[in-house]
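Novice: Input entry.cif, format and content: mmCIF, C-alpha atoms and all ligand atoms.
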```cif
data_model
#
loop_
_atom_site.label_atom_id
_atom_site.label_comp_id
_atom_site.auth_asym_id
_atom_site.auth_seq_id
_atom_site.Cartn_x
_atom_site.Cartn_y
_atom_site.Cartn_z
CA MET A 1 -8.00 -135.66 -95.13
CA THR A 2 -8.23 -137.77 -92.03
CA VAL A 3 -10.97 -136.71 -89.62
CA MET A 4 -10.15 -137.33 -85.99
CA THR A 5 -12.99 -139.16 -84.32
CA THR A 6 -13.58 -141.15 -81.18
CA LYS A 7 -16.37 -143.18 -82.75
CA THR A 8 -15.83 -146.91 -83.15
CA ASN A 9 -15.51 -147.92 -86.79
CA LEU A 10 -17.69 -151.02 -87.16
CA LEU A 11 -16.37 -151.87 -90.63
CA GLY A 12 -13.29 -153.70 -89.38
CA LEU A 13 -14.90 -155.60 -86.51
CA THR A 14 -15.28 -159.38 -86.67
CA GLN A 15 -18.53 -160.89 -85.47
CA PRO A 16 -17.23 -161.59 -81.92
CA GLN A 17 -15.77 -158.07 -81.74
CA LEU A 18 -19.05 -156.54 -82.88
CA GLU A 19 -20.98 -158.63 -80.35
CA GLN A 20 -18.64 -157.30 -77.71
CA PHE A 21 -19.25 -153.76 -78.93
CA PHE A 22 -23.03 -154.17 -78.58
CA GLU A 23 -22.61 -155.60 -75.11
CA THR A 24 -20.46 -152.63 -74.14
CA ILE A 25 -23.19 -150.20 -75.18
CA GLY A 26 -25.80 -152.21 -73.29
CA GLU A 27 -27.44 -153.90 -76.27
CA LYS A 28 -28.12 -157.51 -77.27
CA ARG A 29 -25.35 -159.44 -79.01
CA PHE A 30 -27.60 -160.56 -81.90
CA ARG A 31 -27.52 -157.01 -83.21
CA ALA A 32 -24.00 -157.79 -84.47
CA GLY A 33 -25.33 -160.16 -87.12
CA GLN A 34 -27.93 -157.66 -88.32
CA VAL A 35 -25.42 -154.85 -88.58
CA MET A 36 -22.77 -157.01 -90.28
CA LYS A 37 -25.24 -157.95 -93.01
CA TRP A 38 -26.09 -154.30 -93.59
CA ILE A 39 -22.43 -153.36 -93.80
CA HIS A 40 -21.03 -156.21 -95.85
CA HIS A 41 -23.96 -157.65 -97.80
CA PHE A 42 -25.64 -154.36 -98.60
CA GLY A 43 -22.62 -152.03 -98.48
CA VAL A 44 -24.45 -149.65 -96.16
CA ASP A 45 -22.56 -146.94 -94.27
CA ASP A 46 -25.61 -145.08 -92.94
CA PHE A 47 -27.31 -146.37 -89.80
CA ASP A 48 -30.61 -144.84 -90.94
CA ALA A 49 -30.70 -147.32 -93.83
CA MET A 50 -30.80 -150.25 -91.37
CA SER A 51 -34.55 -150.81 -91.48
CA ASN A 52 -34.70 -153.71 -89.01
CA ILE A 53 -33.09 -151.60 -86.31
CA GLY A 54 -35.33 -149.31 -84.27
CA LYS A 55 -34.88 -145.55 -84.31
CA ALA A 56 -33.63 -145.34 -80.73
CA LEU A 57 -30.82 -147.80 -81.35
CA ARG A 58 -29.97 -146.15 -84.65
CA GLU A 59 -29.56 -142.84 -82.83
CA LYS A 60 -27.41 -144.50 -80.19
CA LEU A 61 -25.23 -146.04 -82.90
CA LYS A 62 -24.87 -142.73 -84.70
CA ALA A 63 -23.57 -141.20 -81.50
CA SER A 64 -20.98 -143.87 -80.74
CA ALA A 65 -20.08 -145.58 -84.00
CA GLU A 66 -19.44 -145.14 -87.69
CA ILE A 67 -18.89 -147.22 -90.80
CA ARG A 68 -15.94 -145.70 -92.55
CA GLY A 69 -14.05 -147.20 -95.49
CA PRO A 70 -10.82 -145.80 -96.89
CA GLU A 71 -11.29 -142.79 -99.15
CA ILE A 72 -11.43 -143.67 -102.86
CA VAL A 73 -8.92 -141.54 -104.75
CA SER A 74 -9.47 -143.12 -108.15
CA GLN A 75 -11.06 -146.08 -109.86
CA ASP A 76 -9.93 -147.36 -113.27
CA ILE A 77 -11.28 -150.11 -115.47
CA SER A 78 -8.91 -151.74 -117.93
CA SER A 79 -9.87 -152.80 -121.44
CA ASP A 80 -9.56 -156.43 -120.22
CA GLY A 81 -12.06 -155.91 -117.37
CA THR A 82 -9.45 -155.55 -114.64
CA ARG A 83 -10.36 -152.83 -112.15
CA LYS A 84 -8.02 -150.86 -109.95
CA TRP A 85 -8.79 -148.62 -107.02
CA VAL A 86 -6.39 -146.24 -105.35
CA VAL A 87 -7.52 -145.59 -101.79
CA ARG A 88 -6.14 -143.25 -99.15
CA VAL A 89 -5.60 -144.67 -95.69
CA ALA A 90 -5.45 -142.86 -92.35
CA SER A 91 -1.69 -142.35 -92.48
CA GLY A 92 -2.22 -140.24 -95.61
CA SER A 93 -0.58 -142.78 -97.93
CA CYS A 94 -2.38 -144.40 -100.81
CA VAL A 95 -2.59 -148.12 -101.54
CA GLU A 96 -4.04 -150.06 -104.43
CA THR A 97 -6.60 -152.81 -104.84
CA VAL A 98 -7.02 -154.77 -108.06
CA TYR A 99 -9.92 -156.90 -109.29
CA ILE A 100 -9.12 -159.50 -111.94
CA PRO A 101 -11.99 -161.31 -113.69
CA GLN A 102 -11.00 -164.57 -115.34
CA GLY A 103 -13.47 -167.14 -116.60
CA GLY A 104 -15.96 -167.76 -113.81
CA ARG A 105 -13.64 -166.34 -111.21
CA GLY A 106 -13.16 -162.85 -109.88
CA THR A 107 -10.03 -162.38 -107.83
CA LEU A 108 -9.50 -159.34 -105.64
CA CYS A 109 -5.89 -158.49 -104.83
CA VAL A 110 -5.83 -156.63 -101.51
CA SER A 111 -3.11 -154.50 -99.89
CA SER A 112 -2.09 -154.90 -96.25
CA GLN A 113 0.44 -152.11 -95.71
CA ALA A 114 1.32 -148.74 -97.20
CA GLY A 115 4.78 -149.50 -98.55
CA CYS A 116 6.82 -152.44 -97.31
CA ALA A 117 9.91 -152.71 -95.17
CA LEU A 118 11.22 -155.92 -96.70
CA ASP A 119 12.77 -154.39 -99.80
CA CYS A 120 12.72 -157.28 -102.27
CA SER A 121 15.03 -156.12 -105.02
CA PHE A 122 12.51 -156.37 -107.90
CA CYS A 123 9.40 -154.97 -106.19
CA SER A 124 8.25 -151.41 -106.64
CA THR A 125 6.34 -151.45 -103.33
CA GLY A 126 9.56 -152.42 -101.56
CA LYS A 127 11.35 -149.52 -103.21
CA GLN A 128 9.07 -147.11 -101.34
CA GLY A 129 10.02 -148.31 -97.89
CA PHE A 130 7.48 -148.83 -95.13
CA ASN A 131 4.95 -146.21 -94.17
CA SER A 132 2.10 -147.74 -92.17
CA ASN A 133 0.06 -150.78 -91.35
CA LEU A 134 -3.50 -150.68 -92.63
CA THR A 135 -6.21 -151.01 -89.99
CA ALA A 136 -8.58 -153.99 -90.19
CA ALA A 137 -11.21 -151.57 -91.53
CA GLU A 138 -8.83 -150.43 -94.25
CA VAL A 139 -8.05 -154.01 -95.28
CA ILE A 140 -11.67 -155.25 -95.34
CA GLY A 141 -12.69 -151.81 -96.63
CA GLN A 142 -11.00 -152.66 -99.94
CA VAL A 143 -13.30 -155.69 -100.31
CA TRP A 144 -16.27 -153.56 -99.22
CA ILE A 145 -15.52 -150.92 -101.85
CA ALA A 146 -14.94 -153.45 -104.63
CA ASN A 147 -18.05 -155.44 -103.75
CA LYS A 148 -20.17 -152.31 -103.73
CA SER A 149 -18.96 -151.45 -107.21
CA PHE A 150 -20.72 -154.58 -108.47
CA GLY A 151 -24.01 -153.71 -106.81
CA THR A 152 -24.72 -154.85 -103.30
CA VAL A 153 -27.82 -156.97 -103.38
CA PRO A 154 -27.28 -160.18 -101.42
CA ALA A 155 -27.82 -162.27 -104.55
CA LYS A 156 -24.59 -160.91 -105.92
CA ILE A 157 -22.54 -161.56 -102.84
CA ASP A 158 -19.74 -163.99 -103.57
CA ARG A 159 -20.45 -163.78 -107.28
CA ALA A 160 -18.27 -160.97 -108.51
CA ILE A 161 -15.54 -161.55 -105.94
CA THR A 162 -14.96 -165.29 -105.67
CA ASN A 163 -11.35 -165.19 -104.46
CA VAL A 164 -9.24 -162.82 -102.40
CA VAL A 165 -5.45 -162.80 -102.46
CA MET A 166 -3.42 -160.80 -99.97
CA MET A 167 -0.94 -159.99 -102.74
CA GLY A 168 -1.25 -156.25 -103.05
CA MET A 169 1.10 -153.82 -101.38
CA GLY A 170 2.83 -154.84 -98.17
CA GLU A 171 3.77 -157.94 -96.23
CA PRO A 172 0.53 -159.22 -94.65
CA LEU A 173 2.26 -161.22 -91.91
CA LEU A 174 3.84 -158.03 -90.60
CA ASN A 175 0.34 -156.61 -90.02
CA PHE A 176 -0.88 -159.80 -88.47
CA ASP A 177 -3.87 -158.95 -86.25
CA ASN A 178 -5.52 -156.59 -88.71
CA VAL A 179 -5.04 -158.95 -91.65
CA VAL A 180 -6.35 -161.94 -89.67
CA ALA A 181 -9.43 -159.95 -88.59
CA ALA A 182 -10.10 -158.83 -92.16
CA MET A 183 -9.67 -162.37 -93.52
CA SER A 184 -12.11 -163.66 -90.89
CA ILE A 185 -14.71 -161.20 -92.16
CA MET A 186 -14.01 -162.27 -95.75
CA MET A 187 -14.81 -165.88 -94.80
CA ASP A 188 -17.72 -165.18 -92.45
CA ASP A 189 -21.18 -165.73 -93.96
CA LEU A 190 -22.21 -162.47 -92.33
CA GLY A 191 -19.31 -160.89 -94.20
CA TYR A 192 -18.44 -162.09 -97.70
CA GLY A 193 -18.81 -165.86 -97.26
CA ILE A 194 -15.70 -166.70 -99.28
CA SER A 195 -14.41 -170.23 -98.74
CA LYS A 196 -11.18 -170.67 -96.79
CA ARG A 197 -9.60 -172.23 -99.88
CA LYS A 198 -10.26 -169.07 -101.83
CA VAL A 199 -8.69 -166.62 -99.42
CA THR A 200 -4.92 -166.70 -99.92
CA LEU A 201 -2.25 -164.98 -97.90
CA SER A 202 1.05 -164.45 -99.69
CA THR A 203 4.22 -163.98 -97.67
CA SER A 204 7.84 -163.45 -98.54
CA GLY A 205 8.67 -165.73 -95.62
CA VAL A 206 8.14 -164.28 -92.13
CA VAL A 207 8.55 -167.72 -90.58
CA PRO A 208 7.45 -167.12 -86.95
CA MET A 209 4.25 -165.54 -88.18
CA ILE A 210 3.49 -168.49 -90.49
CA GLU A 211 3.53 -170.56 -87.31
CA GLU A 212 1.22 -168.06 -85.58
CA LEU A 213 -1.12 -168.01 -88.56
CA ALA A 214 -1.62 -171.76 -88.34
CA LYS A 215 -2.92 -171.31 -84.80
CA VAL A 216 -5.67 -168.84 -85.68
CA ILE A 217 -6.94 -169.33 -89.24
CA ASP A 218 -6.96 -171.84 -92.10
CA VAL A 219 -6.66 -169.71 -95.22
CA SER A 220 -4.58 -170.86 -98.20
CA LEU A 221 -0.91 -169.96 -98.12
CA ALA A 222 1.38 -168.70 -100.88
CA ILE A 223 5.07 -168.05 -100.52
CA SER A 224 7.22 -165.78 -102.61
CA LEU A 225 10.15 -168.06 -103.38
CA HIS A 226 11.83 -166.34 -106.35
CA ALA A 227 15.12 -168.22 -105.91
CA PRO A 228 15.94 -171.91 -105.43
CA ASN A 229 19.04 -171.37 -103.26
CA ASN A 230 19.97 -169.17 -100.32
CA ALA A 231 22.76 -167.29 -102.07
CA LEU A 232 20.43 -165.92 -104.72
CA ARG A 233 17.41 -165.56 -102.42
CA ASP A 234 19.48 -163.49 -99.99
CA VAL A 235 19.85 -160.95 -102.78
CA LEU A 236 16.32 -161.00 -104.22
CA VAL A 237 14.31 -161.45 -101.00
CA PRO A 238 16.48 -160.05 -98.19
CA ILE A 239 14.33 -161.51 -95.39
CA ASN A 240 15.87 -164.82 -96.48
CA LYS A 241 18.99 -163.85 -94.51
CA LYS A 242 16.92 -164.04 -91.36
CA TYR A 243 14.71 -166.99 -92.33
CA PRO A 244 16.57 -169.07 -94.94
CA LEU A 245 15.05 -171.80 -97.07
CA GLU A 246 15.86 -174.57 -94.59
CA VAL A 247 13.54 -172.95 -92.03
CA LEU A 248 11.01 -171.48 -94.46
CA LEU A 249 10.06 -174.69 -96.24
CA PRO A 250 9.48 -176.77 -93.10
CA ALA A 251 7.26 -173.96 -91.75
CA CYS A 252 5.24 -174.00 -94.98
CA ASN A 253 5.03 -177.80 -94.99
CA SER A 254 3.79 -177.79 -91.45
CA TYR A 255 1.18 -175.08 -92.20
CA ILE A 256 -0.11 -177.05 -95.20
CA SER A 257 -0.17 -180.40 -93.45
CA ARG A 258 -2.28 -178.92 -90.65
CA LEU A 259 -4.87 -177.82 -93.21
CA GLY A 260 -5.25 -181.39 -94.43
CA GLU A 261 -7.81 -182.21 -97.14
CA LYS A 262 -5.55 -181.99 -100.18
CA ARG A 263 -4.60 -178.36 -99.63
CA VAL A 264 -1.37 -177.31 -101.31
CA LEU A 265 1.09 -174.46 -100.98
CA THR A 266 1.24 -171.93 -103.80
CA VAL A 267 4.83 -171.15 -104.70
CA GLU A 268 5.24 -167.82 -106.46
CA TYR A 269 8.36 -167.35 -108.54
CA THR A 270 8.96 -164.09 -110.36
CA LEU A 271 11.08 -164.82 -113.43
CA LEU A 272 13.91 -162.34 -113.92
CA LYS A 273 15.90 -162.50 -117.13
CA ASP A 274 19.34 -164.11 -116.70
CA VAL A 275 18.99 -163.91 -112.91
CA ASN A 276 16.77 -166.83 -111.85
CA ASP A 277 15.37 -168.17 -115.13
CA GLN A 278 18.07 -170.64 -116.18
CA PRO A 279 17.64 -174.43 -116.49
CA GLU A 280 19.83 -174.97 -113.43
CA HIS A 281 17.44 -172.85 -111.38
CA ALA A 282 14.51 -174.98 -112.51
CA ALA A 283 16.45 -178.13 -111.60
CA GLN A 284 17.35 -176.77 -108.16
CA MET A 285 13.75 -175.75 -107.59
CA ALA A 286 12.45 -179.19 -108.55
CA ALA A 287 14.80 -180.74 -105.99
CA LEU A 288 14.03 -178.14 -103.31
CA LEU A 289 10.26 -178.63 -103.45
CA LYS A 290 10.21 -182.41 -103.74
CA ASP A 291 8.65 -182.90 -100.29
CA THR A 292 6.24 -179.96 -100.49
CA PRO A 293 2.69 -180.46 -101.81
CA CYS A 294 2.52 -177.40 -104.02
CA LYS A 295 1.53 -175.72 -107.21
CA ILE A 296 4.00 -173.34 -108.80
CA ASN A 297 2.94 -169.98 -110.17
CA LEU A 298 5.54 -168.34 -112.40
CA ILE A 299 5.21 -164.56 -112.63
CA PRO A 300 7.11 -163.03 -115.54
CA PHE A 301 8.72 -159.88 -114.13
CA ASN A 302 6.60 -156.78 -114.62
CA PRO A 303 9.08 -154.04 -115.36
CA PHE A 304 9.08 -150.61 -113.80
CA PRO A 305 11.57 -147.87 -114.62
CA HIS A 306 15.02 -148.12 -113.02
CA SER A 307 14.30 -151.58 -111.62
CA GLY A 308 17.49 -152.99 -113.11
CA TYR A 309 15.67 -156.19 -114.13
CA GLU A 310 14.11 -157.47 -117.33
CA ARG A 311 11.34 -159.88 -118.17
CA PRO A 312 12.63 -163.10 -119.78
CA SER A 313 11.63 -163.97 -123.34
CA ASN A 314 8.53 -166.07 -123.86
CA ASN A 315 10.81 -168.94 -124.91
CA ALA A 316 12.77 -168.74 -121.66
CA ILE A 317 9.53 -168.67 -119.67
CA ARG A 318 8.18 -171.71 -121.52
CA ARG A 319 11.48 -173.58 -121.12
CA PHE A 320 11.42 -172.96 -117.37
CA GLN A 321 7.80 -174.06 -117.12
CA ASP A 322 8.45 -177.22 -119.18
CA LEU A 323 11.39 -178.27 -117.02
CA LEU A 324 9.31 -178.05 -113.85
CA HIS A 325 6.39 -179.69 -115.54
CA LYS A 326 8.58 -182.62 -116.61
CA ALA A 327 9.77 -182.89 -113.02
CA GLY A 328 6.12 -183.53 -112.07
CA TYR A 329 4.96 -180.13 -110.88
CA ASN A 330 1.72 -178.32 -111.58
CA VAL A 331 3.02 -175.06 -113.05
CA THR A 332 1.05 -172.07 -114.27
CA VAL A 333 2.31 -168.82 -115.72
CA ARG A 334 0.51 -165.77 -114.41
CA THR A 335 -0.74 -163.69 -117.28
CA THR A 336 -0.31 -159.99 -116.99
CA ARG A 337 -3.60 -158.21 -116.58
CA GLY A 338 -4.61 -154.60 -116.48
CA GLU A 339 -1.36 -153.38 -118.00
CA ASP A 340 -3.02 -150.25 -119.36
CA ILE A 341 -3.93 -149.18 -115.81
CA ASP A 342 -0.64 -150.22 -114.13
CA ALA A 343 -2.40 -152.96 -112.23
CA ALA A 344 0.06 -155.81 -112.71
CA CYS A 345 1.90 -157.57 -109.88
CA GLY A 346 4.73 -155.51 -108.56
CA GLN A 347 3.53 -152.43 -110.39
CA LEU A 348 1.32 -151.30 -107.56
CA VAL A 349 2.92 -148.07 -106.61
CA GLY A 350 0.36 -146.19 -104.56
CA GLN A 351 1.80 -143.14 -102.93
CA VAL A 352 3.51 -143.55 -99.65
CA MET A 353 3.82 -140.53 -97.49
CA ASP A 354 7.13 -139.91 -95.83
CA ARG A 355 6.17 -140.46 -92.22
CA THR A 356 9.40 -139.11 -90.83
CA ARG A 357 9.06 -135.90 -92.81
CA ARG A 358 12.85 -135.82 -92.54
CA SER A 359 12.73 -133.09 -95.06
CA GLU A 360 9.91 -131.41 -96.82
CA ARG A 361 11.33 -132.85 -100.00
CA TYR A 362 9.27 -135.47 -101.72
CA ILE A 363 10.24 -137.53 -104.67
CA ALA A 364 7.21 -138.50 -106.64
CA VAL A 365 7.08 -142.24 -106.92
CA ARG A 366 4.72 -141.73 -109.81
CA ASP A 367 7.50 -139.91 -111.63
CA LEU A 368 9.06 -143.29 -112.08
CA THR A 369 6.03 -144.38 -114.06
CA GLY A 370 6.01 -141.24 -116.11
CA GLU A 371 2.84 -139.91 -114.50
CA ALA A 372 2.60 -136.73 -112.54
CA PRO A 373 1.83 -137.36 -108.88
CA ALA A 374 -1.54 -136.28 -107.60
CA LYS A 375 -0.08 -135.89 -104.15
CA PRO A 376 3.37 -135.78 -102.60
CA ALA A 377 4.78 -139.25 -102.25
CA ALA A 378 7.62 -141.12 -100.62
CA SER A 379 10.95 -139.62 -100.08
CA GLN A 380 13.52 -141.93 -101.52
CA SER A 381 17.17 -141.27 -101.29
N1 LIG B 401 4.48 -159.17 -99.62
C1 LIG B 401 3.86 -160.34 -100.06
C2 LIG B 401 2.64 -160.11 -100.94
C3 LIG B 401 2.68 -159.02 -101.95
S1 LIG B 401 3.60 -159.18 -103.42
C4 LIG B 401 4.84 -161.21 -100.77
O1 LIG B 401 5.93 -160.77 -101.09
O2 LIG B 401 4.52 -162.38 -100.98
C5 LIG B 401 2.72 -160.32 -104.49
C6 LIG B 401 3.68 -161.08 -105.43
O3 LIG B 401 4.15 -160.25 -106.52
C7 LIG B 401 4.91 -161.56 -104.70
O4 LIG B 401 5.22 -162.87 -105.06
C8 LIG B 401 5.95 -160.59 -105.21
O5 LIG B 401 7.24 -161.08 -105.03
C9 LIG B 401 5.55 -160.41 -106.64
N2 LIG B 401 6.17 -159.27 -107.29
C10 LIG B 401 6.64 -158.14 -106.70
N3 LIG B 401 7.14 -157.30 -107.64
C11 LIG B 401 6.99 -157.90 -108.84
C12 LIG B 401 7.29 -157.51 -110.18
N4 LIG B 401 7.83 -156.32 -110.47
N5 LIG B 401 6.98 -158.36 -111.16
C13 LIG B 401 6.37 -159.54 -110.89
N6 LIG B 401 6.07 -159.95 -109.65
C14 LIG B 401 6.37 -159.14 -108.63
FE1 LIG B 402 7.31 -156.42 -99.61
FE2 LIG B 402 6.24 -158.50 -100.95
FE3 LIG B 402 7.32 -156.39 -102.27
FE4 LIG B 402 8.90 -158.07 -100.92
S1 LIG B 402 7.62 -158.59 -102.74
S2 LIG B 402 9.03 -155.83 -100.91
S3 LIG B 402 7.64 -158.57 -99.17
S4 LIG B 402 5.52 -156.37 -100.97
#
```
Could you write out this file's structure as structure tokens?
Specialist:
Amino acid sequence: MTVMTTKTNLLGLTQPQLEQFFETIGEKRFRAGQVMKWIHHFGVDDFDAMSNIGKALREKLKASAEIRGPEIVSQDISSDGTRKWVVRVASGSCVETVYIPQGGRGTLCVSSQAGCALDCSFCSTGKQGFNSNLTAAEVIGQVWIANKSFGTVPAKIDRAITNVVMMGMGEPLLNFDNVVAAMSIMMDDLGYGISKRKVTLSTSGVVPMIEELAKVIDVSLAISLHAPNNALRDVLVPINKKYPLEVLLPACNSYISRLGEKRVLTVEYTLLKDVNDQPEHAAQMAALLKDTPCKINLIPFNPFPHSGYERPSNNAIRRFQDLLHKAGYNVTVRTTRGEDIDAACGQLVGQVMDRTRRSERYIAVRDLTGEAPAKPAASQS
């Protein structure tokens, strides 16, 4: 349950914001660095554990501030090493965070919103509708929780979690300020020290916010393309009607070119059987992306009940990959991980609370996955 409090939650504050906080309470700005290390390097949420901070200041902090992550509802570890957390955010909804170890890399897939308003036709998060934006503390709190689960001695920082992708639930560019603040903490050495190349924001194409993003941060960018022409993309990714391909791609090109130093756009393309997986789609895509420095990541559709879509055969996936490869593109196929814990892309369901409480009737989103809900979930009609 959410506890109402007037204390400032220090978890979601960037270094400049934390410096400002200390100034406001009449303390020196350098305290921000000390406290950030305790929070993010050591995973501390208790001011009394901060041994380089005197008792008087600790008492002052206890009175005015707190370090509060989202509440952990469950934590699962898959047989392949993938980990999934379900966390409850202040709105009462639950979102999911997934950790995927692969070779020397550990990628954390972080959620930005409870639900999503954009309603892509093949996405289970979209099917829930929008419930709430996560706060900056709730976004970075997912990294904080995951990092703590690996042990929080500084030597391990940036070992277990080497990459972060904003590819969990929600559209990160529609929760701009909180996501930007959280990504700044991910990259800050006083936070998680992850390189800007290894923090990736994925968007379905909120064009004006791609332009805003370029002004404030230099993380890697991924776009959810999913269709090589407007007619099909209008159906699969409805925001395309507002920002069609002829405005989306120039915005991406301009974002990437500003980053310089051989940075490329990641193009995500969920393959849907007989919908967007045909040779003509590959040919159109090759032509569409000819001026965009990019790597293509094909995501075989991860089915969920009543989606109306199917995953293509392995042959169809390989054929699509080969055609793009022959056209000169770097193309990878995302392997499905954590299937036994429902952790795959597009299978993140969470539990979104019906904010409008239009009726006291809830339809359990988890019912769709055959699991009983632990808590009332979204109303869907
Ligand atoms: N909202 C952002 C980020 C979250 S989704 C975006 O759309 O980019 C992360 C990726 O998973 C997106 O490319 C999304 O389109 C894809 N995805 C959604 N549902 C999927 C499903 N059922 N199977 C495979 N990929 C899916
Ligand atoms: Fe939202 Fe991304 Fe799902 Fe589309 S694919 S509904 S933008 S989370």
Novice: Leaving out A:Ala136 and any residue of its chain fewer than 5 positions from it, which residues lie within 6 Å of it when counting only C-alpha atoms, given as a list in words?
Specialist: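 The neighbour list is Gly12, Asn178 and Ala182 of chain A.
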Novice: Keeping C-alpha atoms for every residue in the selection just given, could you write it to a file as a compact mmCIF listing (two decimals), in the frame of the given file?
Specialist:
```txt
# COMPACT_ATOMS: atom_id res chain seq x y z
CA GLY A 12 -13.29 -153.70 -89.38
CA ASN A 178 -5.52 -156.59 -88.71
CA ALA A 182 -10.10 -158.83 -92.16
```
Novice: Can I get the residues close to ligand LIG 401 (chain B) as a list in words, where close means within 6 Å and we count only C-alpha atoms and all ligand atoms?
Specialist: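 Those within range of ligand LIG 401 (chain B) are Phe122, Cys123, Met167, Gly168, Met169, Gly170, Glu171, Ser202, Thr203, Ser204, Ile223, Ser224, Glu268, Thr270, Ile299, Pro300, Phe301, Asn302, Pro303, Cys345, Gly346 and Gln347 of chain A.
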Novice: Taking all atoms of stretch 216-232 of chain A that the file lists, what box with edges along x, y and z, padded by 5 Å per side, do you get, with centre and edge lengths in Å to one decimal, as lines of an AutoDock Vina configuration file?
Specialist:
```
center_x = 7.9
center_y = -168.8
center_z = -96.0
size_x = 39.7
size_y = 16.1
size_z = 30.7
```
Novice: Quick check, in Å to one decimal: how far apart do atom CA of A:Leu245 and atom CA of A:Val331 lie?
Specialist: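 Distance reported for this atom pair: 20.3 Å.
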Novice: In Å, with one decimal, what is the gap from atom CA of A:Glu138 to atom CA of A:Val98?
Specialist: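 If I compute the distance from atom CA of A:Glu138 to atom CA of A:Val98, I get 14.6 Å.
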Novice: Point out the residue among A:Cys120, A:Val333, A:Ile140, A:Met36 with the least atom-to-atom distance to ligand LIG 402 (chain B), counting all atoms listed in the file.
Specialist: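 Among the listed residues, A:Cys120 lies closest to ligand LIG 402 (chain B).
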Novice: Expressed in Å to a single decimal, how great is the separation between atom CA of A:Glu280 and atom CA of A:Ala251?
Specialist: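 Between these atoms lies a distance of 25.1 Å.
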Novice: Neighbours of stretch 83-89 of chain A within 7 Å (only C-alpha atoms; same-chain residues fewer than 4 positions away dropped), as a list in words?
Specialist: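 The contact residues come out as Pro70, Glu71, Ile72, Val73, Ser74, Gln75, Asp76, Ile77, Ser78, Ser93, Cys94, Val95, Glu96, Thr97, Val98, Tyr99, Ile100, Glu138, Ala343 and Gly350 of chain A.
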Novice: Within 12 Å of (-16.3, -149.3, -90.5) (coordinates as in the file), grab all the protein and nucleic acid residues, counting all atoms listed in the file, and write them out as a PyMOL selection string.
Specialist: chain A and resi 7-14+18+35-36+38-40+43-47+65-71+135-142+144-145+182
Novice: Taking the point (5.9, -154.2, -96.9) as given in the file, collect each protein or nucleic acid residue that comes within 9 Å of it, counting only C-alpha atoms, and present the set as a PyMOL selection string.
Specialist: chain A and resi 112-119+125-126+128-133+169-172+174
Novice: What lies within 7 Å of stretch 225-228 of chain A using all atoms listed in the file, ignoring chain neighbours under 3 positions off, as JSON, numbers by chain?
Specialist: {"A": [232, 233, 267, 268, 269, 270, 276, 281, 284, 285, 288]}
Novice: Counting all atoms listed in the file, which residue out of A:Val206, A:Val199, A:Leu248, A:Ala214 sits closest to A:Gly260?
Specialist: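 Answer, going by the shortest atom-to-atom distance: A:Ala214.
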Novice: Can you tell me, as a PyMOL selection string, what residues are no more than 12 Å from A:Ile25 when counting all atoms listed in the file, ignoring any on the same chain fewer than 6 positions away?
Specialist: chain A and resi 8+18-19+31+57+60-61+63-65
Novice: For A:Pro244, please output as a PyMOL selection string all residues within 9 Å (counting only C-alpha atoms; exclusion window: fewer than 2 positions along the same chain).
Specialist: chain A and resi 205+229-230+233-234+239-242+246-249
